[in-house]
Amino acid sequence: AQTVTQSQPEMSVQEAETVTLSCTYDTSESDYYLFWYKQPPSRQMILVIRQEAYKQQNATENRFSVNFQKAAKSFSLKISDSQLGDAAMYFCAYRRESGSARQLTFGSGTQLTVLP
Amino acid sequence: DGGITQSPKYLFRKEGQNVTLSCEQNLNHDAMYWYRQDPGQGLRLIYYSQIVNDFQKGDIAEGYSVSREKKESFPLTVTSAQKNPTAFYLCATSYTRDYGYTFGSGTRLTVV
């Protein structure tokens with residue numbers, strides 16, 4: 001079974017600074033996707049960024065980028081120029097692409113606080 | 001606007017009662033999912049369905065039941081067999097081979 005581990009239950013960052021959230025996963029599959037979701041106080045889940053495992057290039061979305069290390073099974077999220085609106089719970093998630101089931105497996109989350 | 005509607009937003013259940021959480025989508029997505037969220041544990045999969053009239057158990061299906069009679073609807077029933085049902089429940093949808101999920105706004109269930 002696949003597992004996703006987020007070892008930082010809480011993180012804080014000063015506004016305008018950069019922060020990196022860690023995620024590791026365990027799988028024997030070669031074809032899969034990785035995601036970062038954001039859950040603000042409203043509890044609405046919002047997709048931040050996604051990475052296909054077969055792509056070596058790290059995904060970027062504006063101020064958000066990932067460091068994908070496939071051999072190490074590591075998938076960290078970097079938030080640059082942090083803003084107050086970035087404060088939220090962040091979940092790392094894994095989804096395999098083989099077989100019939102493609103459900104997401106989530107980590108336990110990292111609560112990010114942005115300090116003004 | 002296309003989206004997912006979960007209702008009600010808040011639900012209170014008495015001990016021994018069954019309750020049903022609604023999830024309706026107009027995105028024409030094939031797959032639908034139910035997740036449970038507890039503090040410090042992330043999201044855990046309860047049930048999922050990839051086509052109408054078919055569904056599969058997730059990691060924590062005990063005490064829950066679902067149906068998928070229409071593509072648009074995937075209701076979740078929390079039965080009296082679920083011993084600790086107080087949690088936040090999220091419904092999600094996706095195309096079978098789409099990149100990610102679209103989530104509803106959730107239902108907070110509390111046992112009173």
# chains A, B, ... in the order shown; residues from 1 in each chain; ligands from 1
>>> interface_residues(of="chain B", to="chain A", cutoff="6 Å", atoms="only C-alpha atoms", output="ChimeraX atom specification")
/B:40-43,105
>>> residues_around(residues="A:Leu84", least_positions_apart="2", cutoff="10 Å", atoms="only C-alpha atoms", output="compact mmCIF listing (two decimals) with N, CA, C and O atoms, in the first residue's frame")
# COMPACT_ATOMS: atom_id res chain seq x y z
N VAL A 13 6.27 31.09 8.60
CA VAL A 13 7.14 31.86 7.69
C VAL A 13 6.78 33.33 7.82
O VAL A 13 5.60 33.68 8.03
N GLN A 14 7.76 34.17 7.67
CA GLN A 14 7.52 35.60 7.67
C GLN A 14 6.99 36.00 6.30
O GLN A 14 7.40 35.45 5.27
N GLU A 15 6.07 36.93 6.31
CA GLU A 15 5.54 37.44 5.04
C GLU A 15 6.68 37.88 4.14
O GLU A 15 7.66 38.47 4.60
N ALA A 16 6.55 37.52 2.84
CA ALA A 16 7.53 37.84 1.79
C ALA A 16 8.73 36.90 1.78
O ALA A 16 9.55 36.96 0.85
N SER A 82 6.00 34.63 0.39
CA SER A 82 4.80 34.20 1.13
C SER A 82 3.85 35.36 1.41
O SER A 82 4.28 36.47 1.77
N ASP A 86 -1.61 32.73 2.09
CA ASP A 86 -1.06 31.38 1.96
C ASP A 86 -1.25 30.56 3.24
O ASP A 86 -1.02 29.35 3.24
N ALA A 87 -1.63 31.22 4.31
CA ALA A 87 -1.84 30.51 5.58
C ALA A 87 -2.95 29.49 5.42
O ALA A 87 -4.08 29.83 5.04
N ALA A 88 -2.63 28.24 5.69
CA ALA A 88 -3.58 27.14 5.47
C ALA A 88 -2.94 25.84 5.91
O ALA A 88 -1.76 25.79 6.26
N THR A 113 1.60 28.82 9.03
CA THR A 113 1.26 30.15 9.55
C THR A 113 2.15 31.18 8.87
O THR A 113 3.36 30.97 8.76
N VAL A 114 1.55 32.26 8.39
CA VAL A 114 2.31 33.35 7.78
C VAL A 114 2.28 34.55 8.74
O VAL A 114 1.19 35.06 9.07
N LEU A 115 3.44 34.98 9.15
CA LEU A 115 3.56 36.05 10.14
C LEU A 115 3.73 37.40 9.45
O LEU A 115 4.56 37.53 8.56
N PRO A 116 2.95 38.40 9.83
CA PRO A 116 3.05 39.71 9.18
C PRO A 116 4.30 40.46 9.59
O PRO A 116 4.92 40.15 10.60
>>> closest_residue(among="A:Arg63, A:Lys55, A:Lys70, A:Lys78", to="A:Ser28", atoms="only C-alpha atoms")
A:Lys70
>>> select_by_dssp(residues="chain A", states="strand (DSSP E or B)", output="JSON, numbers by chain")
{"A": [3, 4, 5, 10, 11, 12, 13, 14, 19, 20, 21, 24, 25, 26, 32, 33, 34, 35, 36, 37, 38, 39, 46, 47, 48, 49, 50, 51, 52, 60, 61, 64, 65, 66, 67, 68, 69, 74, 75, 76, 77, 78, 79, 88, 89, 90, 91, 92, 93, 94, 95, 96, 104, 105, 106, 110, 111, 112, 113, 114, 115]}
>>> closest_residue(among="B:Ser73, B:Asn53, B:Ser7, B:Ser94", to="B:Val19", atoms="only C-alpha atoms")
B:Ser7
>>> residues_around(residues="B:Phe12", least_positions_apart="5", cutoff="12 Å", atoms="only C-alpha atoms", output="NGL selection string")
:B and (17-21 or 78 or 85-88 or 107-112)
>>> write_last_selection(atoms="N, CA and C atoms", output="compact mmCIF listing (two decimals), in the first residue's frame")
# COMPACT_ATOMS: atom_id res chain seq x y z
N GLN B 17 -28.64 6.57 15.41
CA GLN B 17 -29.34 7.00 14.20
C GLN B 17 -28.48 6.82 12.96
N ASN B 18 -29.14 6.55 11.85
CA ASN B 18 -28.47 6.62 10.55
C ASN B 18 -28.71 8.02 9.98
N VAL B 19 -27.69 8.54 9.32
CA VAL B 19 -27.84 9.83 8.63
C VAL B 19 -27.22 9.72 7.25
N THR B 20 -27.76 10.50 6.32
CA THR B 20 -27.26 10.48 4.94
C THR B 20 -26.74 11.85 4.55
N LEU B 21 -25.52 11.84 4.02
CA LEU B 21 -24.88 13.05 3.53
C LEU B 21 -25.02 13.07 2.01
N VAL B 78 -24.14 7.27 7.02
CA VAL B 78 -23.37 6.93 8.21
C VAL B 78 -24.30 6.13 9.10
N PRO B 85 -18.48 8.67 14.57
CA PRO B 85 -18.75 9.34 13.29
C PRO B 85 -18.46 10.83 13.27
N THR B 86 -18.19 11.43 14.40
CA THR B 86 -17.94 12.87 14.43
C THR B 86 -16.69 13.18 13.64
N ALA B 87 -16.85 13.93 12.54
CA ALA B 87 -15.74 14.23 11.64
C ALA B 87 -16.23 15.20 10.58
N PHE B 88 -15.29 15.62 9.74
CA PHE B 88 -15.60 16.43 8.56
C PHE B 88 -15.54 15.51 7.35
N THR B 107 -19.17 18.46 4.75
CA THR B 107 -20.24 18.39 5.77
C THR B 107 -19.59 18.06 7.10
N ARG B 108 -19.93 18.85 8.11
CA ARG B 108 -19.44 18.60 9.45
C ARG B 108 -20.50 17.81 10.20
N LEU B 109 -20.19 16.58 10.58
CA LEU B 109 -21.12 15.72 11.29
C LEU B 109 -20.71 15.63 12.76
N THR B 110 -21.68 15.86 13.63
CA THR B 110 -21.43 15.79 15.06
C THR B 110 -22.45 14.87 15.72
N VAL B 111 -21.98 13.99 16.56
CA VAL B 111 -22.88 13.13 17.33
C VAL B 111 -23.22 13.81 18.64
N VAL B 112 -24.52 13.90 18.94
CA VAL B 112 -24.96 14.58 20.16
C VAL B 112 -25.65 13.59 21.10
>>> atom_distance(atom1="atom CA of A:Ser74", atom2="atom CA of B:Gln56")
29.4 Å
>>> residues_around(residues="A:Val66", least_positions_apart="2", cutoff="8 Å", atoms="only C-alpha atoms", output="list in words")
Asn58, Ala59, Thr60, Phe64, Phe68, Phe75, Ser76, Leu77 and Lys78 of chain A
>>> residues_around(residues="A:Ser30", least_positions_apart="3", cutoff="9 Å", atoms="only C-alpha atoms", output="NGL selection string")
:A and (27 or 53-54 or 96-98)
>>> write_last_selection(atoms="N, CA and C atoms", output="mmCIF file, in the first residue's frame")
data_model
loop_
_atom_site.group_PDB
_atom_site.id
_atom_site.type_symbol
_atom_site.label_atom_id
_atom_site.label_comp_id
_atom_site.auth_asym_id
_atom_site.auth_seq_id
_atom_site.Cartn_x
_atom_site.Cartn_y
_atom_site.Cartn_z
ATOM 1 N N THR A 27 6.150 3.889 -2.546
ATOM 2 C CA THR A 27 5.411 3.176 -3.573
ATOM 3 C C THR A 27 6.356 2.287 -4.357
ATOM 4 N N ALA A 53 5.037 11.697 -12.438
ATOM 5 C CA ALA A 53 6.266 11.024 -12.038
ATOM 6 C C ALA A 53 7.231 10.825 -13.198
ATOM 7 N N TYR A 54 6.714 10.717 -14.416
ATOM 8 C CA TYR A 54 7.600 10.444 -15.549
ATOM 9 C C TYR A 54 8.293 11.718 -16.061
ATOM 10 N N ARG A 96 -1.786 6.762 -7.933
ATOM 11 C CA ARG A 96 -1.165 5.877 -8.913
ATOM 12 C C ARG A 96 -1.971 5.908 -10.198
ATOM 13 N N GLU A 97 -1.336 5.582 -11.295
ATOM 14 C CA GLU A 97 -1.991 5.642 -12.600
ATOM 15 C C GLU A 97 -2.120 4.284 -13.259
ATOM 16 N N SER A 98 -1.803 3.220 -12.578
ATOM 17 C CA SER A 98 -1.960 1.880 -13.131
ATOM 18 C C SER A 98 -3.126 1.192 -12.453
#
>>> closest_residue(among="B:Tyr89, B:Arg13, B:Gln37, B:Phe103", to="B:Pro75", atoms="only C-alpha atoms")
B:Tyr89
>>> atom_distance(atom1="atom CA of B:Ile46", atom2="atom CA of A:Ser7")
24.0 Å
